[in-house]
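coords04.cif follows (mmCIF, C-alpha atoms):
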data_structure
loop_
_atom_site.label_atom_id
_atom_site.label_comp_id
_atom_site.auth_asym_id
_atom_site.auth_seq_id
_atom_site.Cartn_x
_atom_site.Cartn_y
_atom_site.Cartn_z
CA MET A 10 182.14 81.17 50.69
CA ILE A 11 180.48 83.96 48.68
CA LYS A 12 178.03 81.47 47.24
CA LEU A 13 177.12 80.25 50.72
CA LYS A 14 176.53 83.82 51.91
CA GLY A 15 174.18 84.41 48.96
CA ILE A 16 172.22 81.27 49.77
CA TYR A 17 172.08 82.32 53.41
CA LYS A 18 170.73 85.75 52.50
CA ARG A 19 168.05 84.27 50.25
CA GLU A 20 166.95 81.84 52.94
CA LYS A 21 166.92 84.62 55.50
CA LEU A 22 164.74 86.77 53.26
CA LYS A 23 162.40 83.84 52.67
CA GLY A 24 162.13 83.31 56.42
CA GLU A 25 161.43 86.97 57.04
CA PHE A 26 158.82 86.95 54.28
CA ARG A 27 157.10 83.96 55.88
CA LEU A 28 157.11 85.73 59.22
CA VAL A 29 155.62 88.87 57.69
CA ARG A 30 153.00 86.81 55.84
CA HIS A 31 152.11 84.95 59.05
CA TRP A 32 151.89 88.25 60.92
CA LEU A 33 149.61 89.76 58.26
CA LYS A 34 147.35 86.70 58.37
CA GLY A 35 147.09 87.13 62.13
CA ILE A 36 146.19 90.81 61.78
CA ILE A 37 143.53 90.05 59.15
CA ALA A 38 142.05 87.24 61.25
CA ALA A 39 141.91 89.45 64.33
CA ALA A 40 140.29 92.25 62.35
CA PHE A 41 137.70 89.80 61.01
CA VAL A 42 136.87 88.66 64.53
CA LEU A 43 136.49 92.26 65.67
CA ILE A 44 134.16 93.01 62.76
CA LEU A 45 132.01 89.99 63.60
CA ALA A 46 131.96 90.98 67.27
CA ALA A 47 130.97 94.53 66.37
CA CYS A 48 128.17 93.24 64.17
CA GLY A 49 127.00 90.96 66.95
CA SER A 50 127.20 93.80 69.46
CA GLU A 51 125.21 96.08 67.17
CA GLU A 52 122.56 93.40 66.74
CA ALA A 53 122.44 92.84 70.49
CA SER A 54 122.08 96.56 71.15
CA LYS A 55 119.09 96.69 68.86
CA ASP A 56 117.27 93.94 70.71
CA GLY A 57 118.92 94.16 74.12
CA MET A 58 118.36 96.24 77.22
CA ASP A 59 120.77 98.14 79.43
CA LEU A 60 120.40 96.18 82.68
CA VAL A 61 122.01 96.41 86.10
CA GLU A 62 122.61 92.66 85.87
CA ASP A 63 122.28 90.54 82.75
CA GLY A 64 119.18 88.39 82.64
CA LYS A 65 117.54 90.19 85.56
CA PHE A 66 114.95 92.95 85.99
CA THR A 67 116.17 94.88 89.03
CA TYR A 68 113.38 97.11 90.34
CA ALA A 69 112.66 99.15 93.46
CA ALA A 70 109.59 99.64 95.63
CA SER A 71 109.15 101.03 99.13
CA GLY A 72 107.52 98.07 100.84
CA GLU A 73 105.61 100.62 102.95
CA PHE A 74 102.60 101.42 100.78
CA LYS A 75 100.00 98.73 101.39
CA PRO A 76 98.28 97.31 99.33
CA PHE A 77 100.68 98.35 96.56
CA SER A 78 103.84 97.14 98.29
CA PHE A 79 104.30 95.79 101.79
CA THR A 80 107.00 93.86 103.63
CA ASN A 81 106.54 90.24 104.62
CA ASP A 82 107.96 88.62 107.76
CA ASP A 83 110.88 87.24 105.76
CA GLY A 84 111.80 90.70 104.45
CA SER A 85 110.49 90.15 100.93
CA MET A 86 107.84 92.42 99.44
CA SER A 87 104.37 91.63 98.16
CA GLY A 88 101.48 93.69 96.80
CA PHE A 89 99.97 95.12 93.67
CA ASP A 90 103.15 96.86 92.45
CA ILE A 91 105.27 93.80 93.18
CA GLU A 92 103.08 91.44 91.15
CA VAL A 93 102.96 93.94 88.28
CA ALA A 94 106.78 94.09 88.33
CA GLU A 95 107.03 90.29 88.31
CA ALA A 96 104.54 90.04 85.44
CA VAL A 97 106.50 92.61 83.43
CA ALA A 98 109.75 90.76 84.11
CA LYS A 99 108.17 87.52 82.89
CA GLU A 100 107.09 89.20 79.64
CA LEU A 101 110.64 90.50 79.21
CA GLY A 102 112.08 87.04 79.79
CA LEU A 103 113.99 88.29 82.83
CA GLU A 104 114.28 87.23 86.44
CA PRO A 105 112.64 89.80 88.76
CA VAL A 106 114.88 91.15 91.52
CA GLN A 107 113.15 93.33 94.09
CA ASN A 108 114.86 96.07 96.12
CA LYS A 109 113.22 97.68 99.13
CA PHE A 110 114.12 101.37 99.18
CA LYS A 111 112.81 104.53 100.81
CA PHE A 112 110.25 106.07 98.48
CA GLY A 113 111.87 109.52 98.46
CA GLY A 114 115.10 108.14 96.97
CA ILE A 115 113.80 105.64 94.41
CA VAL A 116 113.66 107.99 91.41
CA GLU A 117 117.26 109.06 92.01
CA GLY A 118 118.20 105.39 92.27
CA VAL A 119 116.76 104.74 88.82
CA LYS A 120 118.40 107.85 87.39
CA SER A 121 121.83 106.85 88.71
CA GLY A 122 121.56 103.28 87.43
CA ARG A 123 121.18 101.56 90.79
CA PHE A 124 117.87 100.06 89.63
CA ASP A 125 116.60 99.20 86.15
CA ALA A 126 113.18 100.56 87.04
CA ALA A 127 110.87 101.75 89.78
CA VAL A 128 107.58 99.92 90.13
CA ALA A 129 106.47 101.90 93.15
CA SER A 130 103.24 103.78 92.42
CA HIS A 131 104.99 106.88 91.10
CA THR A 132 102.65 109.51 89.74
CA ILE A 133 103.80 110.98 86.43
CA THR A 134 104.80 114.60 87.06
CA GLU A 135 106.78 117.21 85.13
CA GLU A 136 109.37 117.35 87.91
CA ARG A 137 110.00 113.60 87.83
CA LEU A 138 110.13 113.64 84.05
CA GLN A 139 113.23 115.82 84.35
CA ALA A 140 115.00 112.87 85.99
CA VAL A 141 113.49 109.72 84.43
CA ASN A 142 111.16 108.51 81.70
CA PHE A 143 107.82 106.88 82.45
CA SER A 144 105.99 103.98 80.88
CA THR A 145 102.35 104.10 79.94
CA PRO A 146 100.25 104.17 83.15
CA TYR A 147 99.58 100.80 84.75
CA TYR A 148 96.93 102.19 87.09
CA TYR A 149 94.95 105.34 87.79
CA SER A 150 94.27 106.89 91.16
CA GLY A 151 94.00 110.20 92.98
CA PRO A 152 94.79 112.00 96.26
CA GLN A 153 92.19 112.22 99.01
CA ILE A 154 91.94 114.02 102.34
CA TYR A 155 91.76 111.82 105.45
CA VAL A 156 90.78 113.06 108.92
CA ARG A 157 89.57 111.64 112.23
CA PRO A 158 85.82 111.02 112.59
CA ASP A 159 85.40 114.01 114.94
CA SER A 160 86.89 116.48 112.42
CA SER A 161 84.78 119.16 110.72
CA VAL A 162 87.09 119.21 107.67
CA GLU A 163 85.41 118.36 104.38
CA THR A 164 87.46 120.07 101.67
CA LEU A 165 91.02 121.18 100.99
CA GLU A 166 90.03 124.79 101.72
CA ASP A 167 88.95 123.72 105.20
CA LEU A 168 92.58 122.80 105.92
CA GLU A 169 93.77 126.40 105.50
CA GLY A 170 96.66 126.90 107.96
CA LEU A 171 96.19 123.49 109.63
CA GLU A 172 98.74 120.71 110.05
CA ILE A 173 98.81 118.16 107.22
CA ALA A 174 100.95 115.00 107.10
CA VAL A 175 102.22 113.47 103.85
CA SER A 176 104.84 110.94 102.77
CA LYS A 177 108.31 112.18 101.77
CA GLY A 178 108.84 112.53 98.05
CA SER A 179 105.15 112.19 97.21
CA THR A 180 103.10 114.49 94.99
CA TYR A 181 100.75 115.09 97.92
CA THR A 182 103.10 117.73 99.27
CA ALA A 183 102.03 120.05 96.46
CA ASN A 184 98.38 119.58 97.44
CA ALA A 185 99.13 120.44 101.05
CA GLU A 186 101.21 123.47 100.09
CA GLU A 187 98.15 125.03 98.46
CA VAL A 188 96.63 125.67 101.88
CA THR A 189 99.33 125.50 104.55
CA ASP A 190 103.01 125.78 105.43
CA ASN A 191 102.52 123.43 108.38
CA ILE A 192 103.41 120.12 106.73
CA GLN A 193 104.79 117.04 108.50
CA PHE A 194 106.64 114.34 106.58
CA TYR A 195 106.72 110.57 107.02
CA ASP A 196 108.64 107.85 105.23
CA SER A 197 105.37 106.00 104.64
CA ASP A 198 101.76 107.00 103.91
CA VAL A 199 100.56 104.19 106.17
CA VAL A 200 102.62 105.48 109.11
CA ALA A 201 101.20 108.97 108.53
CA LEU A 202 97.66 107.58 108.61
CA GLU A 203 98.44 105.63 111.79
CA ALA A 204 99.68 108.85 113.41
CA LEU A 205 96.48 110.63 112.32
CA SER A 206 94.28 107.92 113.78
CA LYS A 207 96.15 108.23 117.10
CA GLY A 208 95.44 111.95 117.38
CA LYS A 209 98.36 113.59 115.57
CA HIS A 210 97.94 116.22 112.82
CA ASP A 211 94.71 117.60 111.40
CA ALA A 212 94.73 115.57 108.20
CA VAL A 213 96.68 113.31 105.89
CA ILE A 214 96.63 113.54 102.11
CA THR A 215 97.35 110.27 100.36
CA ASP A 216 96.13 107.97 97.62
CA PHE A 217 92.45 107.14 98.09
CA ILE A 218 93.11 103.40 97.77
CA THR A 219 95.74 103.49 100.52
CA GLY A 220 93.29 105.36 102.73
CA LYS A 221 90.54 102.85 102.00
CA GLU A 222 92.91 100.03 102.90
CA ALA A 223 93.79 101.74 106.19
CA ILE A 224 90.11 102.10 107.09
CA GLY A 225 89.60 98.43 106.28
CA ALA A 226 92.49 97.61 108.63
CA GLY A 227 90.65 99.33 111.49
CA MET A 228 92.18 102.80 111.60
CA GLU A 229 89.86 105.47 113.03
CA ILE A 230 89.89 107.79 110.01
CA GLU A 231 87.49 108.99 107.32
CA GLY A 232 87.95 109.98 103.72
CA LYS A 233 86.80 113.43 102.63
CA GLU A 234 87.36 115.43 99.41
CA LEU A 235 88.93 113.58 96.48
CA ILE A 236 91.35 116.22 95.18
CA GLY A 237 92.18 114.99 91.72
CA ARG A 238 93.21 112.19 89.38
CA SER A 239 96.68 110.82 88.76
CA GLU A 240 98.44 108.34 86.50
CA GLN A 241 100.91 105.87 88.01
CA ALA A 242 103.68 104.41 85.85
CA ILE A 243 106.98 102.56 85.82
CA ALA A 244 110.07 104.80 85.91
CA VAL A 245 113.09 103.99 83.72
CA ALA A 246 116.38 105.85 83.24
CA LYS A 247 116.43 108.52 80.52
CA ASP A 248 119.07 106.78 78.41
CA ASN A 249 117.46 103.34 78.59
CA GLU A 250 115.03 103.74 75.71
CA GLU A 251 115.09 100.09 74.68
CA LEU A 252 114.04 98.94 78.15
CA LEU A 253 111.26 101.55 78.22
CA GLU A 254 109.96 100.35 74.85
CA LYS A 255 109.94 96.72 76.00
CA VAL A 256 108.26 97.61 79.32
CA ASN A 257 105.49 99.40 77.40
CA GLU A 258 105.06 96.38 75.14
CA ALA A 259 104.86 94.14 78.22
CA LEU A 260 102.24 96.36 79.88
CA GLU A 261 100.16 96.37 76.70
CA THR A 262 100.21 92.57 76.64
CA LEU A 263 99.26 92.42 80.33
CA ARG A 264 96.33 94.77 79.68
CA GLU A 265 95.08 92.78 76.72
CA ASN A 266 95.32 89.37 78.40
CA GLY A 267 93.64 90.57 81.61
CA THR A 268 96.63 90.10 83.91
CA LEU A 269 96.63 93.72 85.16
CA THR A 270 92.91 93.52 85.90
CA GLU A 271 93.39 90.24 87.76
CA ILE A 272 96.20 91.65 89.91
CA SER A 273 94.18 94.79 90.64
CA LYS A 274 91.10 92.88 91.78
CA LYS A 275 93.27 90.63 93.95
CA TYR A 276 94.76 93.51 95.95
CA ILE A 277 92.35 96.41 95.47
CA GLY A 278 89.00 94.66 95.04
CA GLU A 279 88.31 96.54 91.83
CA ASP A 280 89.96 97.33 88.50
CA ILE A 281 92.03 100.50 88.75
CA THR A 282 94.08 99.71 85.64
CA VAL A 283 91.57 101.13 83.17
CA ASP A 284 91.73 104.81 82.23
CA PRO A 285 88.52 106.28 83.73
CA GLU A 286 88.26 108.70 80.79
CA LYS A 287 87.93 105.72 78.41
CA GLU A 288 85.35 103.80 80.42
#
Let's see the structure in the file written out as structure tokens.
Amino acid sequence: MIKLKGIYKREKLKGEFRLVRHWLKGIIAAAFVLILAACGSEEASKDGMDLVEDGKFTYAASGEFKPFSFTNDDGSMSGFDIEVAEAVAKELGLEPVQNKFKFGGIVEGVKSGRFDAAVASHTITEERLQAVNFSTPYYYSGPQIYVRPDSSVETLEDLEGLEIAVSKGSTYTANAEEVTDNIQFYDSDVVALEALSKGKHDAVITDFITGKEAIGAGMEIEGKELIGRSEQAIAVAKDNEELLEKVNEALETLRENGTLTEISKKYIGEDITVDPEKE
């Protein structure tokens, strides 16, 4: 009986040893898998981008800023900005996903992670740089004063104390504030210009290309003083440096192969993608 107990104990110990050995093998295997996964994750983070949805470039535009972005009958958007966004997405190997959003809230949408980027004719400003990062400029423009044909206004100084309309969230507010406190806001530059042509307000300050487009569409307005020059760029979240780097690489390719110029001439009739200081 004693001998049998001894044999039983030895067999029990052997069984426990096998269980421990099996358990250790499992732990080692799991650790190995985790190490490989971590290595793969690190490699992916080096080459990957922080996206709202994998495989897609989710961007925002207003759809109310013709010819840069405008809304089609089916609700989709077209225009200069939209084709630039699609071309960038193609270079990134991603599917473009457009989001129509009020201009005044787009930067915050990028900052909060709702959109991967804004391709919406945002001028690079110090204030916006506090919230997002910007790519290299993809076009160059500038604000201009627009009035009705019967107006005597020629310069910004002539608008001292008068009523000026601008789009919400635009940089044109700062121009208007230089000469008046009487500023009216619209969700769209085009709607502001339409109001001007129908007799409202003394002037509208907006991008000179948008104003030219409005005149071409038959609005009874005239362009006056060109106030300055601005650089428009793609906005990306502050912590999404890899996406910003890849967007800049994509824009450089699109400059070199003539795609930006082609898109510009299609919608604007001229090339606004070249830095005027380098011409």
Problem - Residue IDs satisfying the PyMOL selection byres ((chain A and resi 106) around 6), as an MDAnalysis selection string - result: chainID A and resid 66:67 105 107
Residues from the last selection, C-alpha atoms, saved as a short mmCIF file (atom, residue, chain, number, x, y, z; two decimals), in the coordinates of the input:
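Okay, this is what ended up in out-v3.cif:
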data_model
loop_
_atom_site.label_atom_id
_atom_site.label_comp_id
_atom_site.auth_asym_id
_atom_site.auth_seq_id
_atom_site.Cartn_x
_atom_site.Cartn_y
_atom_site.Cartn_z
CA PHE A 66 114.95 92.95 85.99
CA THR A 67 116.17 94.88 89.03
CA PRO A 105 112.64 89.80 88.76
CA GLN A 107 113.15 93.33 94.09
#
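Shortest atom-to-atom contact with Thr189 (chain A) among A:Val256, A:Ala212, A:Leu205, A:Val283: A:Ala212, counting only C-alpha atoms.
Minimum distance to Lys209 (chain A) across A:Arg238, A:His131, A:Arg157, A:Lys233 (counting all atoms listed in the file) occurs at A:Arg157.
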Practice task
For each of A:Asp59, A:Asp198, A:Asp211, A:Asp83, take the minimum atom-to-atom distance to Glu169 (chain A), counting all atoms listed in the file, then give the residue where this is smallest.
Solution key: A:Asp211
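Note on the selection: in this file the PyMOL selection byres ((chain A and resi 247) around 10) comes out as Val119, Lys120, Ser121, Leu138, Gln139, Ala140, Val141, Asn142, Phe143, Ala244, Val245, Ala246, Asp248, Asn249, Glu250 and Leu253 of chain A.
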Handout entry: Long-range neighbours of Lys99 (chain A) as a list in words, 12 Å cut-off, only C-alpha atoms, 2 positions minimum in chain
Key = Gly64, Lys65, Phe66, Glu92, Val93, Ala94, Glu95, Ala96, Val97, Leu101, Gly102, Leu103, Glu104, Pro105, Val106, Lys255, Val256, Ala259, Leu260, Thr262, Leu263 and Thr268 of chain A
Step by step, work through what the PyMOL selection byres ((chain A and resi 113) around 9) selects in the shown file, and finish by giving those residues as a PDB file with C-alpha atoms, in the coordinates of the input.
ATOM      1  CA  SER A  71     109.150 101.030  99.130  1.00  0.00           C
ATOM      2  CA  PHE A 110     114.120 101.370  99.180  1.00  0.00           C
ATOM      3  CA  LYS A 111     112.810 104.530 100.810  1.00  0.00           C
ATOM      4  CA  PHE A 112     110.250 106.070  98.480  1.00  0.00           C
ATOM      5  CA  GLY A 114     115.100 108.140  96.970  1.00  0.00           C
ATOM      6  CA  ILE A 115     113.800 105.640  94.410  1.00  0.00           C
ATOM      7  CA  VAL A 116     113.660 107.990  91.410  1.00  0.00           C
ATOM      8  CA  GLU A 117     117.260 109.060  92.010  1.00  0.00           C
ATOM      9  CA  SER A 176     104.840 110.940 102.770  1.00  0.00           C
ATOM     10  CA  LYS A 177     108.310 112.180 101.770  1.00  0.00           C
ATOM     11  CA  GLY A 178     108.840 112.530  98.050  1.00  0.00           C
ATOM     12  CA  SER A 179     105.150 112.190  97.210  1.00  0.00           C
ATOM     13  CA  ASP A 196     108.640 107.850 105.230  1.00  0.00           C
TER      14      ASP A 196
END
Exercise for the section: Name the closest residue to Ala127 (chain A) among the candidates A:His210, A:Lys75, A:Lys274, A:Lys109; distances are taken between atoms, counting only C-alpha atoms. Expected result: A:Lys109
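Closest approach to Thr270 (chain A) from the set A:Phe74, A:Tyr195, A:Tyr155, A:Tyr147 is made by A:Tyr147, with distances taken over all atoms listed in the file.
Between Pro152 (chain A) and the residues A:Asp284, A:Glu234, A:Glu73, A:Asp63, the shortest atom-to-atom distance, using only C-alpha atoms, involves A:Glu234.
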Practice task
Considering all atoms listed in the file, return as a PyMOL selection string whatever protein or nucleic-acid residues lie within 6 Å of Ala174 (chain A), sequence-local ones (same chain, fewer than 4 positions apart) excluded.
Solution key: chain A and resi 192-194+213
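Across the model, the gap from CA of Ala70 (chain A) to CA of Ser85 (chain A) is 10.9 Å.
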Practice task
Would you list the contacts of Phe217 (chain A) as a VMD selection string, taking every protein, DNA or RNA residue within 8 Å and counting only C-alpha atoms, but skipping same-chain residues closer than 5 positions in sequence?
Solution key: chain A and resid 150 to 153 232 235
Let me see the file: selected residues, C-alpha atoms, as a PDB file, in the coordinates of the input.
ATOM      1  CA  SER A 150      94.270 106.890  91.160  1.00  0.00           C
ATOM      2  CA  GLY A 151      94.000 110.200  92.980  1.00  0.00           C
ATOM      3  CA  PRO A 152      94.790 112.000  96.260  1.00  0.00           C
ATOM      4  CA  GLN A 153      92.190 112.220  99.010  1.00  0.00           C
ATOM      5  CA  GLY A 232      87.950 109.980 103.720  1.00  0.00           C
ATOM      6  CA  LEU A 235      88.930 113.580  96.480  1.00  0.00           C
TER       7      LEU A 235
END
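The space between CA of Glu100 (chain A) and CA of Glu258 (chain A) spans 8.7 Å.
At a cut-off of 7 Å from (102.6, 94.7, 96.6), the residue set is Lys75, Pro76, Phe77, Ser78, Phe79, Met86, Ser87, Gly88, Phe89, Asp90, Ile91 and Glu92 of chain A (counting only C-alpha atoms).
Across the structure, CA of Arg123 (chain A) and CA of Ala183 (chain A) are spaced 27.2 Å apart.
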